[in-house]
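Q: Pasting start24.cif here (mmCIF, C-alpha atoms):
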```cif
data_start
loop_
_atom_site.label_atom_id
_atom_site.label_comp_id
_atom_site.auth_asym_id
_atom_site.auth_seq_id
_atom_site.Cartn_x
_atom_site.Cartn_y
_atom_site.Cartn_z
CA MET Z 446 96.99 118.38 120.19
CA VAL Z 447 95.51 116.16 117.47
CA PHE Z 448 95.08 112.43 117.82
CA ALA Z 449 93.43 109.57 116.01
CA LEU Z 450 91.30 106.84 117.47
CA ALA Z 451 90.87 103.70 115.45
CA LYS Z 452 87.61 101.99 116.17
CA GLY Z 453 87.30 98.34 115.26
CA PRO Z 454 84.30 96.65 113.71
CA GLU Z 455 83.25 95.74 117.23
CA ASN Z 456 83.15 99.41 118.24
CA PRO Z 457 82.29 101.79 115.38
CA CYS Z 458 82.00 105.54 115.76
CA THR Z 459 79.13 106.50 117.98
CA VAL Z 460 78.13 109.67 116.15
CA GLY Z 461 75.92 107.86 113.61
CA ALA Z 462 74.88 105.12 115.98
CA ARG Z 463 72.41 107.56 117.53
CA ALA Z 464 70.60 107.71 114.20
CA ALA Z 465 70.27 103.93 113.87
CA SER Z 466 68.05 101.72 115.96
CA THR Z 467 69.72 99.71 118.71
CA LEU Z 468 68.89 96.40 117.06
CA GLU Z 469 70.14 97.55 113.66
CA SER Z 470 73.39 98.79 115.23
CA MET Z 471 73.98 95.49 117.04
CA VAL Z 472 73.35 93.40 113.93
CA SER Z 473 75.51 95.42 111.57
CA VAL Z 474 78.34 96.59 113.82
CA ARG Z 475 80.69 93.82 112.67
CA ASP Z 476 80.17 95.00 109.09
CA MET Z 477 81.54 98.48 109.76
CA VAL Z 478 85.05 99.83 110.04
CA SER Z 479 85.32 103.28 111.58
CA VAL Z 480 88.15 105.65 112.34
CA GLU Z 481 87.89 108.85 114.37
CA ARG Z 482 90.10 111.90 114.62
CA ILE Z 483 89.80 115.18 116.47
CA ILE Z 484 90.52 117.97 114.00
CA ARG Z 485 91.07 121.52 115.24
CA ALA Z 486 88.82 123.20 112.69
CA PRO Z 487 85.12 124.07 112.56
CA ALA Z 488 82.79 121.37 111.26
CA SER Z 489 81.66 123.70 108.45
CA VAL Z 490 85.22 124.02 107.08
CA ILE Z 491 85.79 120.25 107.19
CA PHE Z 492 82.37 119.52 105.68
CA ASP Z 493 82.99 121.95 102.81
CA VAL Z 494 86.07 119.92 101.80
CA ILE Z 495 84.27 116.57 102.03
CA ALA Z 496 81.22 117.89 100.13
CA ASP Z 497 83.43 119.04 97.22
CA PRO Z 498 84.21 116.01 95.02
CA SER Z 499 87.07 117.87 93.32
CA ARG Z 500 88.89 117.76 96.70
CA HIS Z 501 88.51 114.00 97.34
CA ALA Z 502 91.87 113.09 95.79
CA ASP Z 503 93.48 115.60 98.20
CA PHE Z 504 92.51 113.56 101.25
CA ASP Z 505 92.25 110.02 99.88
CA GLY Z 506 94.51 107.92 102.07
CA SER Z 507 94.45 104.96 99.68
CA GLY Z 508 95.83 106.87 96.72
CA SER Z 509 93.17 105.33 94.50
CA VAL Z 510 91.03 108.45 93.91
CA LYS Z 511 92.48 110.29 90.93
CA ASN Z 512 89.94 113.00 90.04
CA SER Z 513 86.26 113.81 89.67
CA ARG Z 514 84.73 113.76 86.22
CA SER Z 515 83.51 116.95 84.59
CA ALA Z 516 79.77 116.25 85.04
CA THR Z 517 80.24 115.94 88.79
CA PRO Z 518 78.51 118.64 90.87
CA ALA Z 519 80.76 121.20 92.58
CA ARG Z 520 78.93 120.70 95.90
CA LEU Z 521 77.23 117.52 96.99
CA SER Z 522 73.67 117.27 98.30
CA LYS Z 523 71.29 114.42 99.05
CA GLY Z 524 70.63 112.43 95.88
CA ALA Z 525 73.58 113.94 93.99
CA VAL Z 526 75.61 111.56 91.86
CA PHE Z 527 79.33 112.15 91.45
CA VAL Z 528 81.70 110.08 89.36
CA MET Z 529 85.32 109.59 90.31
CA ASP Z 530 88.19 108.21 88.25
CA MET Z 531 90.04 105.66 90.36
CA LYS Z 532 93.04 103.39 90.07
CA ARG Z 533 94.10 100.36 92.10
CA SER Z 534 96.36 98.48 89.72
CA LEU Z 535 93.91 99.17 86.86
CA PRO Z 536 91.91 102.34 86.17
CA TYR Z 537 88.15 102.29 86.77
CA GLY Z 538 85.33 104.70 87.53
CA MET Z 539 82.96 104.83 90.48
CA ALA Z 540 79.56 106.52 90.43
CA ASN Z 541 78.56 107.55 93.95
CA THR Z 542 75.08 108.54 95.07
CA VAL Z 543 74.76 110.71 98.17
CA VAL Z 544 72.38 108.82 100.47
CA GLU Z 545 72.74 110.86 103.67
CA PHE Z 546 73.26 114.58 103.93
CA ASP Z 547 72.97 116.88 106.92
CA ALA Z 548 75.09 119.97 106.29
CA ASP Z 549 78.11 120.23 108.58
CA ARG Z 550 77.15 116.95 110.31
CA VAL Z 551 76.80 113.88 108.05
CA ILE Z 552 77.49 112.96 104.46
CA ALA Z 553 77.43 109.44 103.05
CA TRP Z 554 77.48 107.94 99.59
CA ALA Z 555 76.84 104.58 98.02
CA PRO Z 556 79.36 103.65 95.30
CA ARG Z 557 78.86 101.45 92.25
CA PHE Z 558 80.90 100.91 89.11
CA ALA Z 559 80.42 103.82 86.72
CA ASN Z 560 79.95 101.38 83.83
CA GLY Z 561 76.87 99.93 85.55
CA ARG Z 562 78.28 96.42 85.89
CA ALA Z 563 77.90 94.30 89.03
CA GLY Z 564 75.27 96.65 90.48
CA ASN Z 565 73.59 93.80 92.34
CA PHE Z 566 76.71 93.28 94.40
CA PHE Z 567 77.06 96.82 95.70
CA GLY Z 568 75.51 97.87 98.97
CA ARG Z 569 78.38 99.56 100.76
CA ILE Z 570 78.37 103.06 102.18
CA TRP Z 571 81.18 105.54 102.88
CA ARG Z 572 80.13 107.91 105.64
CA TYR Z 573 81.67 110.97 107.29
CA GLU Z 574 80.17 112.22 110.54
CA LEU Z 575 81.21 115.45 112.22
CA GLU Z 576 80.51 116.38 115.81
CA PRO Z 577 81.65 119.67 117.31
CA VAL Z 578 83.75 119.27 120.44
CA GLU Z 579 85.37 122.03 122.46
CA GLY Z 580 87.49 124.03 120.01
CA ALA Z 581 87.53 121.27 117.39
CA THR Z 582 85.50 118.67 115.52
CA LEU Z 583 85.35 114.93 116.01
CA VAL Z 584 85.41 113.44 112.50
CA CYS Z 585 84.40 109.83 112.00
CA GLU Z 586 84.85 108.01 108.71
CA THR Z 587 83.00 104.70 108.33
CA TRP Z 588 83.09 101.99 105.70
CA ASP Z 589 79.76 100.19 106.09
CA VAL Z 590 79.17 96.93 104.24
CA SER Z 591 76.16 95.83 106.31
CA GLY Z 592 73.90 96.11 103.24
CA ASP Z 593 76.32 94.48 100.80
CA ARG Z 594 75.75 90.95 99.52
CA LEU Z 595 79.51 90.35 99.60
CA ARG Z 596 80.01 91.70 103.13
CA LEU Z 597 81.81 88.64 104.53
CA PHE Z 598 84.22 88.57 101.58
CA LEU Z 599 84.77 92.35 101.81
CA ARG Z 600 85.37 92.26 105.58
CA VAL Z 601 87.95 89.50 105.31
CA LEU Z 602 89.84 91.00 102.37
CA PHE Z 603 89.63 94.74 102.93
CA ALA Z 604 88.84 95.72 106.55
CA LYS Z 605 92.45 96.05 107.76
CA ARG Z 606 93.67 97.82 104.62
CA PHE Z 607 90.71 100.19 104.56
CA ARG Z 608 91.24 101.03 108.26
CA ARG Z 609 94.83 102.11 107.46
CA ASP Z 610 93.63 104.04 104.40
CA MET Z 611 90.93 105.78 106.45
CA GLU Z 612 93.40 106.76 109.17
CA GLU Z 613 95.57 108.31 106.47
CA SER Z 614 92.52 110.03 104.91
CA LEU Z 615 91.66 111.72 108.19
CA ARG Z 616 95.30 112.72 108.69
CA LEU Z 617 95.34 114.30 105.21
CA LEU Z 618 91.97 115.97 105.81
CA ASP Z 619 93.35 117.38 109.04
CA GLU Z 620 96.35 118.82 107.17
CA LEU Z 621 94.09 120.36 104.51
CA VAL Z 622 91.75 122.14 106.87
CA SER Z 623 94.47 123.11 109.32
CA LEU Z 624 96.23 124.96 106.51
CA SER Z 625 93.04 126.83 105.57
CA THR Z 626 91.99 127.92 109.08
#
```
Output the structure of this file as structure tokens.

A:
Amino acid sequence: MVFALAKGPENPCTVGARAASTLESMVSVRDMVSVERIIRAPASVIFDVIADPSRHADFDGSGSVKNSRSATPARLSKGAVFVMDMKRSLPYGMANTVVEFDADRVIAWAPRFANGRAGNFFGRIWRYELEPVEGATLVCETWDVSGDRLRLFLRVLFAKRFRRDMEESLRLLDELVSLST
């Protein structure tokens, strides 16, 4: 049995909260949107899909990720930069730097426009956290804007839509890894 838990900004996934200080978690919790899903696959199988940028379009619930560019590494690691072609109404590129990496547990990246514009306004993080549970893995996806200068604007405009997109992403990820296990 697979189910999804949507966590609101007032109650983000707890997997990564253990890594942050209590004060930091309390201050930034309203600037995070998290969605959890139990996936019946080993964390290593799930992590391998997330750490492969060429697979991101396969589980992007928003439909905006089109493909990874040719210079993108085949497997992500801390500090790796991967560029994705995107489209939401208009095409654009996003360069993402991996800022957290613990194999089979946590991967997070900080996006910015690939053309280098508006860099001062970016401070958001996309994070996936995996925690083994009996016979499955708890996967948490978080959109964290706590370090973004436009966080209030982003929360108001995008939090609900991104929550739906993230729920769909985890559903698609579940389908991908369930087929391969």

Q: Evaluate the PyMOL selection byres ((chain Z and resi 591) around 6) and record the selected residues as a PyMOL selection string, following the chain and residue labels used in the document.

A: chain Z and resi 473+476+589-590+592-593

Q: Could you turn the residues from that selection into a file that holds C-alpha atoms, as an mmCIF file, in the frame of the given file?

A:
```cif
data_model
loop_
_atom_site.group_PDB
_atom_site.id
_atom_site.type_symbol
_atom_site.label_atom_id
_atom_site.label_comp_id
_atom_site.auth_asym_id
_atom_site.auth_seq_id
_atom_site.Cartn_x
_atom_site.Cartn_y
_atom_site.Cartn_z
ATOM 1 C CA SER Z 473 75.510 95.420 111.570
ATOM 2 C CA ASP Z 476 80.170 95.000 109.090
ATOM 3 C CA ASP Z 589 79.760 100.190 106.090
ATOM 4 C CA VAL Z 590 79.170 96.930 104.240
ATOM 5 C CA GLY Z 592 73.900 96.110 103.240
ATOM 6 C CA ASP Z 593 76.320 94.480 100.800
#
```

Q: Evaluate the PyMOL selection byres ((chain Z and resi 508) around 10) against this structure - the residues, as a CSV table (one decimal) with C-alpha atoms, in the coordinates of the input, please.

A:
```
chain,number,residue,atom,x,y,z
Z,502,ALA,CA,91.9,113.1,95.8
Z,503,ASP,CA,93.5,115.6,98.2
Z,504,PHE,CA,92.5,113.6,101.2
Z,505,ASP,CA,92.2,110.0,99.9
Z,506,GLY,CA,94.5,107.9,102.1
Z,507,SER,CA,94.4,105.0,99.7
Z,509,SER,CA,93.2,105.3,94.5
Z,510,VAL,CA,91.0,108.4,93.9
Z,511,LYS,CA,92.5,110.3,90.9
Z,531,MET,CA,90.0,105.7,90.4
Z,532,LYS,CA,93.0,103.4,90.1
Z,533,ARG,CA,94.1,100.4,92.1
Z,610,ASP,CA,93.6,104.0,104.4
Z,613,GLU,CA,95.6,108.3,106.5
Z,614,SER,CA,92.5,110.0,104.9
```

Q: Report the distance between atom CA of Z:Ser479 and atom CA of Z:Glu586 in Å, rounded to one decimal place.

A: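 Answer for the atom CA of Z:Ser479 to atom CA of Z:Glu586 separation: 5.6 Å.
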
Q: Quick one: pull the distance between atom CA of Z:Pro498 and atom CA of Z:Ala540, Å, one decimal.

A: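 Atom CA of Z:Ala540 lies at a distance of 11.5 Å from atom CA of Z:Pro498.
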
Q: Quick one: pull the distance between atom CA of Z:Asp530 and atom CA of Z:Ala555, Å, one decimal.

A: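 Value for the atom CA of Z:Asp530-atom CA of Z:Ala555 distance: 15.4 Å.
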
Q: Between Z:Met539, Z:Ala604, Z:Leu595, Z:Val584, which is the closest to Z:Gly568 once you count all atoms listed in the file?

A: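 Using all atoms listed in the file, Z:Gly568 sits closest to Z:Leu595.
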
Q: Between Z:Asn541, Z:Arg609, Z:Ile552, Z:Phe546, which has the minimum distance to Z:Arg569 (counting all atoms listed in the file)?

A: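 For Z:Arg569, the nearest of the given residues is Z:Asn541.
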
Q: Give me the residues within 9 Å of Z:Ala486 as a list of chain:residue names, counting all atoms listed in the file and dropping any in the same chain fewer than 4 places off.

A: Z:Val490, Z:Ile491, Z:Gly580, Z:Ala581, Z:Thr582, Z:Asp619, Z:Val622, Z:Ser623, Z:Thr626

Q: For the provided coordinates, the residues matched by the PyMOL selection byres ((chain Z and resi 499) around 12) should be stated as a PyMOL selection string.

A: chain Z and resi 493-498+500-505+510-521+527-530

Q: Which residue is closest to Z:Val526? Choose from Z:Glu579, Z:Ile483, Z:Leu618, Z:Pro556 and count all atoms listed in the file.

A: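 Answer, going by the shortest atom-to-atom distance: Z:Pro556.
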
Q: I need the residue nearest Z:Arg485 from this list: Z:Val543, Z:Glu576, Z:Arg600, Z:Ala548. Use all atoms listed in the file for the distance.

A: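 Nearest to Z:Arg485: Z:Glu576.
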